[in-house]
Amino acid sequence: MKCPFCSEINNKVIDSRLSKDGRTIRRRRECIECDRRFTTYEKLEDVLPMIVKKDGRREPFSREKIISGIRSACQKRPVSATKIEEFVDSLELHFQELGKKEIDSTEIGERVIKILREWDEVAYVRFASVYRQFKDIKEFMAELEDILKSRKEADLS
Ligand SMILES: [Zn+2]
C-alpha cells in the first residue's frame, strides 16, 4: 500500500472499521515516512481466510453460513438479528486482521459457542450439541451441569 503523497510503502494502520453493509473494510493509515494520513478500502472477500474443515476439505469463509448456523440455534430465543450480524461482523474483522491464509473451522465454532453461552443457554446447548457432537449423554449432561452451576453462581452474586 503506497503512500499517495511520498510513495513510501510502509505505513501503520490507525483505525479499521467495517462498512455498513459489512463488505468493505475502511482503514485509516499513517505513512511512516511523511506522517501523512490516508484511507484505503479493502473488500472483505479478498482478505478472508479459507476454512479448513475437520475432514481436511477447504472452503471459503462464508458469512451466510455462520449466520444461518447461529440463527437456527437462536430460533425462538431472545437474540436479535442485529446482535447476530454484529457478532459475525466482528468475527470477520478479527480473522481478516489475523491475516492468515487458512484457519481451522474449529476456531470459528469455538468462538460461536462462547458467545452463545453468554447470550442464551438454550441456543448455546443447541449449537454445542450439533457442533461438538457430544459422544454420549454423559458428556452432554456434564456440559449442562456446568451451565446450571454457573447460572446459580451468577444468581447468588
Ligand atoms: Zn508518505
# chains A, B, ... in the order shown; residues from 1 in each chain; ligands from 1
>>> residues_around(residues="Ile67 in chain A", least_positions_apart="6", cutoff="12 Å", atoms="only C-alpha atoms", output="PyMOL selection string")
chain A and resi 61+73-74+80-89+91-92+108-109+112
>>> write_last_selection(atoms="C-alpha atoms", output="short mmCIF file (atom, residue, chain, number, x, y, z; two decimals), in the first residue's frame")
data_model
loop_
_atom_site.label_atom_id
_atom_site.label_comp_id
_atom_site.auth_asym_id
_atom_site.auth_seq_id
_atom_site.Cartn_x
_atom_site.Cartn_y
_atom_site.Cartn_z
CA PHE A 61 -15.20 -18.17 4.63
CA ALA A 73 -29.60 -22.21 17.25
CA CYS A 74 -31.32 -18.98 18.33
CA SER A 80 -31.89 -10.22 17.87
CA ALA A 81 -30.80 -10.46 14.25
CA THR A 82 -28.74 -7.30 14.75
CA LYS A 83 -26.83 -8.89 17.59
CA ILE A 84 -26.00 -11.89 15.41
CA GLU A 85 -24.92 -9.70 12.49
CA GLU A 86 -22.73 -7.55 14.70
CA PHE A 87 -21.08 -10.60 16.13
CA VAL A 88 -20.35 -12.01 12.68
CA ASP A 89 -19.02 -8.60 11.62
CA LEU A 91 -15.61 -12.29 13.58
CA GLU A 92 -14.87 -11.30 10.01
CA ILE A 108 -14.93 -20.20 14.36
CA GLY A 109 -17.03 -22.85 16.07
CA VAL A 112 -19.63 -19.01 18.31
#
>>> residues_near_ligand(ligand="ligand 1", cutoff="6 Å", atoms="only C-alpha atoms and all ligand atoms", output="MDAnalysis selection string")
chainID A and resid 3 5:8 31 33:34 36
>>> write_last_selection(atoms="N, CA and C atoms", output="mmCIF file, in the first residue's frame")
data_model
loop_
_atom_site.group_PDB
_atom_site.id
_atom_site.type_symbol
_atom_site.label_atom_id
_atom_site.label_comp_id
_atom_site.auth_asym_id
_atom_site.auth_seq_id
_atom_site.Cartn_x
_atom_site.Cartn_y
_atom_site.Cartn_z
ATOM 1 N N CYS A 3 2.069 5.114 -0.065
ATOM 2 C CA CYS A 3 1.592 6.423 0.390
ATOM 3 C C CYS A 3 1.312 7.269 -0.849
ATOM 4 N N PHE A 5 1.261 10.354 -1.108
ATOM 5 C CA PHE A 5 1.997 11.619 -1.076
ATOM 6 C C PHE A 5 3.469 11.437 -1.404
ATOM 7 N N CYS A 6 4.086 10.404 -0.797
ATOM 8 C CA CYS A 6 5.534 10.259 -0.993
ATOM 9 C C CYS A 6 5.943 8.889 -1.540
ATOM 10 N N SER A 7 4.948 7.995 -1.782
ATOM 11 C CA SER A 7 5.209 6.668 -2.347
ATOM 12 C C SER A 7 5.909 5.692 -1.414
ATOM 13 N N GLU A 8 6.084 6.070 -0.165
ATOM 14 C CA GLU A 8 6.631 5.119 0.814
ATOM 15 C C GLU A 8 5.672 3.922 0.924
ATOM 16 N N CYS A 31 1.467 7.220 7.074
ATOM 17 C CA CYS A 31 2.737 6.920 6.416
ATOM 18 C C CYS A 31 3.873 7.068 7.430
ATOM 19 N N GLU A 33 6.913 7.511 6.696
ATOM 20 C CA GLU A 33 7.929 8.402 6.152
ATOM 21 C C GLU A 33 7.528 9.877 6.319
ATOM 22 N N CYS A 34 6.316 10.216 5.824
ATOM 23 C CA CYS A 34 5.929 11.635 5.839
ATOM 24 C C CYS A 34 4.844 11.942 6.876
ATOM 25 N N ARG A 36 1.840 11.574 6.886
ATOM 26 C CA ARG A 36 0.520 11.988 6.426
ATOM 27 C C ARG A 36 -0.439 10.811 6.455
#
>>> residues_around(residues="Trp119 in chain A", least_positions_apart="5", cutoff="9 Å", atoms="only C-alpha atoms", output="compact mmCIF listing (two decimals) with C-alpha atoms, in the first residue's frame")
# COMPACT_ATOMS: atom_id res chain seq x y z
CA PRO A 78 -34.47 -13.67 22.66
CA VAL A 79 -31.47 -12.97 20.44
CA LYS A 114 -18.52 -18.88 23.59
CA TYR A 124 -25.83 -22.49 23.39
>>> closest_residue(among="A:Glu110, A:Glu64, A:Glu139, A:Glu42", to="Ser19 in chain A", atoms="only C-alpha atoms")
A:Glu42
>>> residues_around(residues="range 45-55 of chain A", least_positions_apart="4", cutoff="6 Å", atoms="only C-alpha atoms", output="PyMOL selection string")
chain A and resi 59-61+96+100-105
>>> write_last_selection(atoms="C-alpha atoms", output="mmCIF file, in the first residue's frame")
data_model
loop_
_atom_site.group_PDB
_atom_site.id
_atom_site.type_symbol
_atom_site.label_atom_id
_atom_site.label_comp_id
_atom_site.auth_asym_id
_atom_site.auth_seq_id
_atom_site.Cartn_x
_atom_site.Cartn_y
_atom_site.Cartn_z
ATOM 1 C CA GLU A 59 -13.981 -23.858 1.714
ATOM 2 C CA PRO A 60 -14.251 -20.087 1.513
ATOM 3 C CA PHE A 61 -15.203 -18.166 4.626
ATOM 4 C CA GLN A 96 -9.253 -10.612 8.403
ATOM 5 C CA LYS A 100 -3.816 -15.903 7.850
ATOM 6 C CA LYS A 101 -4.479 -17.700 4.596
ATOM 7 C CA GLU A 102 -6.236 -20.578 6.318
ATOM 8 C CA ILE A 103 -7.907 -21.184 9.646
ATOM 9 C CA ASP A 104 -9.454 -24.261 11.258
ATOM 10 C CA SER A 105 -13.226 -24.383 11.265
#
>>> closest_residue(among="A:Arg28, A:Ser90, A:Asp155, A:Val125", to="Met141 in chain A", atoms="only C-alpha atoms")
A:Val125
>>> select_by_dssp(residues="chain A", states="alpha helix (DSSP H)", output="VMD selection string")
chain A and resid 44 to 47 63 to 73 81 to 98 105 to 119 121 to 131 137 to 156
>>> residues_around(residues="range 9-14 of chain A", least_positions_apart="5", cutoff="12 Å", atoms="only C-alpha atoms", output="ChimeraX atom specification")
/A:1-4,25-40,97
>>> closest_residue(among="A:His94, A:Glu107, A:Arg71, A:Lys76", to="Ser16 in chain A", atoms="only C-alpha atoms")
A:His94
>>> select_by_dssp(residues="range 44-126 of chain A", states="strand (DSSP E or B)", output="PyMOL selection string")
chain A and resi 50-52+58-60+102-104
>>> write_last_selection(atoms="C-alpha atoms", output="PDB file, in the first residue's frame")
ATOM      1  CA  MET A  50     -10.041 -20.232   3.754  1.00  0.00           C
ATOM      2  CA  ILE A  51     -11.710 -22.502   6.262  1.00  0.00           C
ATOM      3  CA  VAL A  52     -10.134 -25.906   6.852  1.00  0.00           C
ATOM      4  CA  ARG A  58     -11.238 -26.334   2.416  1.00  0.00           C
ATOM      5  CA  GLU A  59     -13.981 -23.858   1.714  1.00  0.00           C
ATOM      6  CA  PRO A  60     -14.251 -20.087   1.513  1.00  0.00           C
ATOM      7  CA  GLU A 102      -6.236 -20.578   6.318  1.00  0.00           C
ATOM      8  CA  ILE A 103      -7.907 -21.184   9.646  1.00  0.00           C
ATOM      9  CA  ASP A 104      -9.454 -24.261  11.258  1.00  0.00           C
TER      10      ASP A 104
END
